[in-house]
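coords34.txt (compact mmCIF, C-alpha atoms)
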# COMPACT_ATOMS: atom_id res chain seq x y z
CA MET A 15 0.00 0.00 0.00
CA THR A 16 1.25 3.45 -0.91
CA ARG A 17 0.03 7.02 -0.36
CA ALA A 18 -1.75 6.76 -3.73
CA SER A 19 -3.90 3.82 -2.61
CA ILE A 20 -4.67 5.59 0.67
CA ALA A 21 -5.73 8.69 -1.27
CA ASN A 22 -7.87 6.49 -3.48
CA ALA A 23 -9.57 4.88 -0.48
CA LEU A 24 -10.22 8.36 0.94
CA PHE A 25 -11.63 9.59 -2.36
CA LYS A 26 -14.05 6.66 -2.57
CA GLU A 27 -15.19 6.84 1.04
CA MET A 28 -15.78 10.61 0.95
CA ASN A 29 -17.66 10.63 -2.36
CA GLU A 30 -19.52 7.34 -2.29
CA GLU A 31 -20.21 6.74 1.38
CA ARG A 32 -20.15 10.16 3.00
CA GLY A 33 -21.51 12.40 0.28
CA VAL A 34 -18.58 14.78 0.56
CA ALA A 35 -17.60 15.86 -2.94
CA ILE A 36 -13.84 16.03 -3.19
CA SER A 37 -11.68 15.46 -6.24
CA VAL A 38 -8.92 12.90 -6.62
CA GLY A 39 -6.38 15.72 -6.36
CA GLU A 40 -7.96 17.05 -3.19
CA SER A 41 -7.92 13.58 -1.62
CA ALA A 42 -4.23 13.23 -2.36
CA GLU A 43 -3.61 16.69 -0.95
CA LEU A 44 -5.59 15.85 2.17
CA VAL A 45 -3.59 12.65 2.80
CA GLU A 46 -0.43 14.68 2.36
CA GLY A 47 -1.73 17.34 4.73
CA ILE A 48 -2.66 14.87 7.47
CA LEU A 49 0.75 13.21 7.27
CA ARG A 50 2.48 16.60 7.25
CA ILE A 51 0.65 17.73 10.38
CA ILE A 52 1.63 14.50 12.13
CA LYS A 53 5.27 15.04 11.13
CA GLU A 54 5.21 18.66 12.29
CA THR A 55 3.80 17.60 15.64
CA LEU A 56 6.50 14.97 16.11
CA GLN A 57 9.09 17.52 15.04
CA LYS A 58 8.01 19.66 17.99
CA GLY A 59 8.71 16.68 20.21
CA GLU A 60 5.05 16.10 20.89
CA GLU A 61 3.58 12.60 20.74
CA VAL A 62 0.74 11.65 18.38
CA LYS A 63 -1.90 9.25 19.65
CA ILE A 64 -4.36 7.66 17.26
CA PRO A 65 -6.84 5.50 19.19
CA GLY A 66 -7.20 2.05 17.64
CA PHE A 67 -4.07 2.53 15.54
CA GLY A 68 -1.11 3.40 17.71
CA THR A 69 1.09 6.05 19.29
CA PHE A 70 4.10 7.82 17.83
CA THR A 71 6.59 9.19 20.33
CA THR A 72 10.02 10.78 20.03
CA HIS A 73 13.00 9.59 21.99
CA ARG A 74 16.51 10.91 22.48
CA LYS A 75 19.47 8.76 21.63
CA LEU A 76 22.79 9.73 23.14
CA ALA A 77 26.00 9.86 21.15
CA ARG A 78 27.83 6.56 21.13
CA LYS A 79 30.87 4.99 19.59
CA GLY A 80 30.02 2.79 16.68
CA ARG A 81 31.87 1.06 13.91
CA ASN A 82 31.58 1.27 10.20
CA PRO A 83 30.40 -2.28 9.55
CA LYS A 84 32.10 -2.32 6.16
CA THR A 85 35.56 -1.08 7.15
CA GLY A 86 35.56 -1.81 10.86
CA GLU A 87 36.65 1.75 11.51
CA ALA A 88 35.55 3.37 14.77
CA ALA A 89 33.11 6.21 14.27
CA GLU A 90 31.06 8.50 16.47
CA VAL A 91 27.30 8.09 16.16
CA ALA A 92 25.80 11.54 16.70
CA PRO A 93 23.10 12.13 19.33
CA ARG A 94 19.72 12.18 17.65
CA LEU A 95 16.00 11.97 18.02
CA VAL A 96 14.22 8.85 16.89
CA ILE A 97 10.58 7.95 16.42
CA ARG A 98 9.09 5.08 18.29
CA PHE A 99 5.76 3.62 17.23
CA GLN A 100 3.71 1.44 19.52
CA ALA A 101 0.80 -0.28 17.79
CA SER A 102 -2.49 -0.13 19.65
CA GLN A 103 -3.33 -3.38 21.44
CA LEU A 104 -6.58 -3.40 19.49
CA LEU A 105 -4.72 -3.32 16.19
CA GLN A 106 -2.05 -5.75 17.33
CA ASN A 107 -4.78 -8.23 18.24
CA SER A 108 -6.33 -8.14 14.79
CA ILE A 109 -3.09 -8.53 12.85
CA LEU A 110 -2.54 -11.59 10.70
CA GLN A 111 -0.84 -14.25 12.83
CA PRO A 112 1.19 -17.23 11.71
CA ALA A 113 -0.86 -20.43 11.73
CA PRO A 114 -0.16 -22.33 14.96
CA LEU A 115 1.90 -25.41 14.11
CA SER A 116 0.33 -28.70 15.08
CA HIS A 117 3.56 -29.80 16.74
CA ASP A 118 3.76 -26.63 18.83
CA ARG A 119 4.41 -27.58 22.39
CA HIS A 120 1.91 -26.80 25.13
CA ASN A 121 -0.72 -25.82 22.63
CA GLY A 122 -3.66 -24.46 24.55
CA ASN A 123 -2.03 -23.55 27.83
CA GLY A 124 -4.10 -20.42 27.94
CA ARG A 125 -1.25 -18.08 27.09
CA GLY A 126 -0.32 -19.98 23.98
CA THR A 127 -2.31 -19.18 20.89
CA SER A 128 -3.02 -15.49 20.94
CA LEU A 129 -5.61 -15.56 18.18
CA MET B 18 -1.75 15.28 20.03
CA THR B 19 -4.79 13.06 19.81
CA ARG B 20 -6.97 12.28 16.83
CA SER B 21 -9.48 14.95 17.80
CA GLU B 22 -6.75 17.59 18.02
CA LEU B 23 -5.45 16.45 14.66
CA CYS B 24 -8.98 16.92 13.28
CA LYS B 25 -9.08 20.51 14.42
CA VAL B 26 -5.77 21.32 12.77
CA VAL B 27 -6.82 19.62 9.53
CA ALA B 28 -10.15 21.49 9.51
CA GLU B 29 -8.31 24.78 10.06
CA GLN B 30 -5.95 24.14 7.17
CA TYR B 31 -8.63 22.79 4.84
CA PRO B 32 -11.46 25.30 5.13
CA LYS B 33 -13.44 23.26 2.62
CA LEU B 34 -13.89 20.57 5.26
CA SER B 35 -15.88 20.87 8.45
CA GLU B 36 -14.45 19.38 11.63
CA VAL B 37 -16.79 16.41 11.24
CA GLN B 38 -15.64 15.86 7.68
CA SER B 39 -11.98 16.04 8.59
CA ASP B 40 -12.67 13.53 11.35
CA ILE B 41 -14.15 11.20 8.72
CA ALA B 42 -11.12 11.73 6.48
CA ILE B 43 -8.68 10.93 9.29
CA ARG B 44 -10.62 7.85 10.35
CA THR B 45 -10.79 6.66 6.75
CA LEU B 46 -7.05 7.13 6.32
CA PHE B 47 -6.20 5.10 9.41
CA ASP B 48 -8.90 2.50 8.69
CA ALA B 49 -7.39 1.92 5.24
CA MET B 50 -3.96 1.52 6.82
CA LYS B 51 -5.33 -0.81 9.50
CA ALA B 52 -6.99 -3.03 6.89
CA ALA B 53 -3.73 -3.26 4.98
CA VAL B 54 -1.52 -4.18 7.95
CA CYS B 55 -4.09 -6.61 9.32
CA SER B 56 -3.88 -8.62 6.12
CA GLY B 57 -0.10 -8.56 6.31
CA GLU B 58 0.42 -5.93 3.63
CA ARG B 59 3.37 -3.55 3.89
CA ILE B 60 2.60 0.18 3.81
CA GLU B 61 5.27 2.38 2.38
CA ILE B 62 4.73 6.11 2.55
CA ARG B 63 7.75 7.92 1.19
CA GLY B 64 8.91 10.68 3.48
CA PHE B 65 6.85 9.36 6.37
CA GLY B 66 7.83 5.78 6.92
CA VAL B 67 7.11 2.12 6.46
CA PHE B 68 4.70 -0.04 8.45
CA GLN B 69 5.23 -3.76 8.16
CA LEU B 70 4.76 -6.95 10.09
CA ARG B 71 7.82 -8.56 11.60
CA LYS B 72 7.99 -12.16 12.67
CA ARG B 73 8.79 -13.03 16.25
CA LYS B 74 10.01 -16.57 16.73
CA ALA B 75 8.48 -18.89 19.27
CA ARG B 76 10.39 -18.78 22.53
CA THR B 77 10.29 -20.08 26.03
CA GLY B 78 9.41 -17.28 28.38
CA ARG B 79 9.02 -17.24 32.09
CA ASN B 80 6.17 -16.29 34.30
CA PRO B 81 7.89 -13.46 36.20
CA ARG B 82 5.89 -14.18 39.32
CA THR B 83 6.31 -17.92 39.63
CA GLY B 84 9.46 -18.48 37.56
CA GLU B 85 7.63 -21.19 35.68
CA SER B 86 8.60 -21.57 32.02
CA VAL B 87 5.91 -20.76 29.54
CA TYR B 88 5.89 -21.47 25.83
CA VAL B 89 5.35 -18.31 23.77
CA PRO B 90 4.18 -19.11 20.22
CA PRO B 91 5.57 -17.32 17.15
CA LYS B 92 3.76 -14.12 16.32
CA ASN B 93 3.73 -11.18 13.98
CA VAL B 94 4.15 -7.70 15.38
CA LEU B 95 3.61 -4.38 13.62
CA SER B 96 6.75 -2.31 13.25
CA PHE B 97 7.29 1.20 11.99
CA LYS B 98 10.44 2.63 10.53
CA ALA B 99 10.59 6.39 10.07
CA GLY B 100 11.28 7.68 6.56
CA LYS B 101 14.03 10.01 5.50
CA ASP B 102 12.07 13.26 5.63
CA LEU B 103 10.68 12.50 9.09
CA LYS B 104 14.15 11.63 10.41
CA GLU B 105 15.63 14.78 8.92
CA ARG B 106 12.88 16.95 10.33
CA LEU B 107 13.57 15.56 13.78
CA ASN B 108 17.27 16.10 13.64
CA ASN B 109 17.84 19.21 11.56
CA GLY B 110 14.99 21.18 12.98
CA ASN B 111 14.88 23.39 16.02
CA THR B 112 14.36 20.34 18.23
CA LEU B 113 18.16 19.88 18.38
CA GLY B 114 18.14 22.83 20.74
CA HIS B 115 16.88 20.76 23.65
CA LEU B 116 18.86 17.60 23.06
Structure rendered as structure tokens:
Amino acid sequence: MTRASIANALFKEMNEERGVAISVGESAELVEGILRIIKETLQKGEEVKIPGFGTFTTHRKLARKGRNPKTGEAAEVAPRLVIRFQASQLLQNSILQPAPLSHDRHNGNGRGTSL
Amino acid sequence: MTRSELCKVVAEQYPKLSEVQSDIAIRTLFDAMKAAVCSGERIEIRGFGVFQLRKRKARTGRNPRTGESVYVPPKNVLSFKAGKDLKERLNNGNTLGHL
């Protein structure tokens, strides 16, 4: 799935289901705008919580000594901010899970098969 | 920022949409993304990031209270990796000031 298919889904839903007339271009622009606002919020260091989807937070990483994996040379990894995303438990529970194998041990111990 | 706050900002920036309509738009966007990840599809949004399922192997865990070993089956978890633009915004922007 790409931003184009998201824009397409938005276009269909707004026009066909919600009776809001927006063009294909406007849908694409709207998707872009929503994503931009989320990015700007994270840029300010603020978290973004979308119920039923997940939470985006920013975290500081301190400088550390690393190595260039290709050359083995020591290098400084600069301090930086990173994004952490925690999927909502609701979403995590409805995600496609690998089929439980019949030879899985302790199948059905209550904590075993999550879905 | 919560979804309702996001709605307000979207409605402000897109005067064509009411707050209710921007709420619908935001819900539709995330619903479409949810449907995709639930079926195991990867979502790649350039400049924002990639959502995809990652496999976790089965392992033997422990009940922290009793110390008993517990079998944990393999599972898929949703992971997100920030895209280039998002990473650059975080690290070249004014936020560096309070690192």
Within 8 Å of chain A, which residues belong to chain B? Use only C-alpha atoms and report them as a compact mmCIF listing (two decimals) with C-alpha atoms, in the coordinates of the input.
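Final output, iface.txt:
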# COMPACT_ATOMS: atom_id res chain seq x y z
CA MET B 18 -1.75 15.28 20.03
CA THR B 19 -4.79 13.06 19.81
CA ARG B 20 -6.97 12.28 16.83
CA LEU B 23 -5.45 16.45 14.66
CA VAL B 26 -5.77 21.32 12.77
CA VAL B 27 -6.82 19.62 9.53
CA GLN B 38 -15.64 15.86 7.68
CA ILE B 41 -14.15 11.20 8.72
CA ALA B 42 -11.12 11.73 6.48
CA ILE B 43 -8.68 10.93 9.29
CA THR B 45 -10.79 6.66 6.75
CA LEU B 46 -7.05 7.13 6.32
CA PHE B 47 -6.20 5.10 9.41
CA ALA B 49 -7.39 1.92 5.24
CA MET B 50 -3.96 1.52 6.82
CA LYS B 51 -5.33 -0.81 9.50
CA ALA B 53 -3.73 -3.26 4.98
CA VAL B 54 -1.52 -4.18 7.95
CA CYS B 55 -4.09 -6.61 9.32
CA SER B 56 -3.88 -8.62 6.12
CA GLY B 57 -0.10 -8.56 6.31
CA GLU B 58 0.42 -5.93 3.63
CA ARG B 59 3.37 -3.55 3.89
CA ILE B 60 2.60 0.18 3.81
CA GLU B 61 5.27 2.38 2.38
CA ILE B 62 4.73 6.11 2.55
CA ARG B 63 7.75 7.92 1.19
CA PHE B 65 6.85 9.36 6.37
CA TYR B 88 5.89 -21.47 25.83
CA VAL B 89 5.35 -18.31 23.77
CA PRO B 90 4.18 -19.11 20.22
CA PRO B 91 5.57 -17.32 17.15
CA LYS B 92 3.76 -14.12 16.32
CA ASN B 93 3.73 -11.18 13.98
CA VAL B 94 4.15 -7.70 15.38
CA LEU B 95 3.61 -4.38 13.62
CA SER B 96 6.75 -2.31 13.25
CA PHE B 97 7.29 1.20 11.99
CA LYS B 98 10.44 2.63 10.53
CA ALA B 99 10.59 6.39 10.07
CA LEU B 103 10.68 12.50 9.09
CA LYS B 104 14.15 11.63 10.41
CA ARG B 106 12.88 16.95 10.33
CA LEU B 107 13.57 15.56 13.78
CA ASN B 108 17.27 16.10 13.64
CA GLY B 110 14.99 21.18 12.98
CA THR B 112 14.36 20.34 18.23
CA LEU B 113 18.16 19.88 18.38
CA LEU B 116 18.86 17.60 23.06
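One distance worth recording is that between atom CA of B:Asp48 and atom CA of B:Lys101, which is 24.3 Å.
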Å distance separating atom CA of A:Val38 from atom CA of B:Val37, one decimal place: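 That distance, rounded to one decimal, is 19.8 Å.
Here atom CA of B:Lys74 is placed at a distance of 28.2 Å from atom CA of A:Arg81.
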Could you work out an axis-aligned bounding box for all listed atoms of stretch 29-46 of chain B, with 4 Å added on each of the six sides, and give its centre and edge lengths in Å to one decimal, as lines of an AutoDock Vina configuration file?
center_x = -11.4
center_y = 16.0
center_z = 7.1
size_x = 18.8
size_y = 26.6
size_z = 17.0
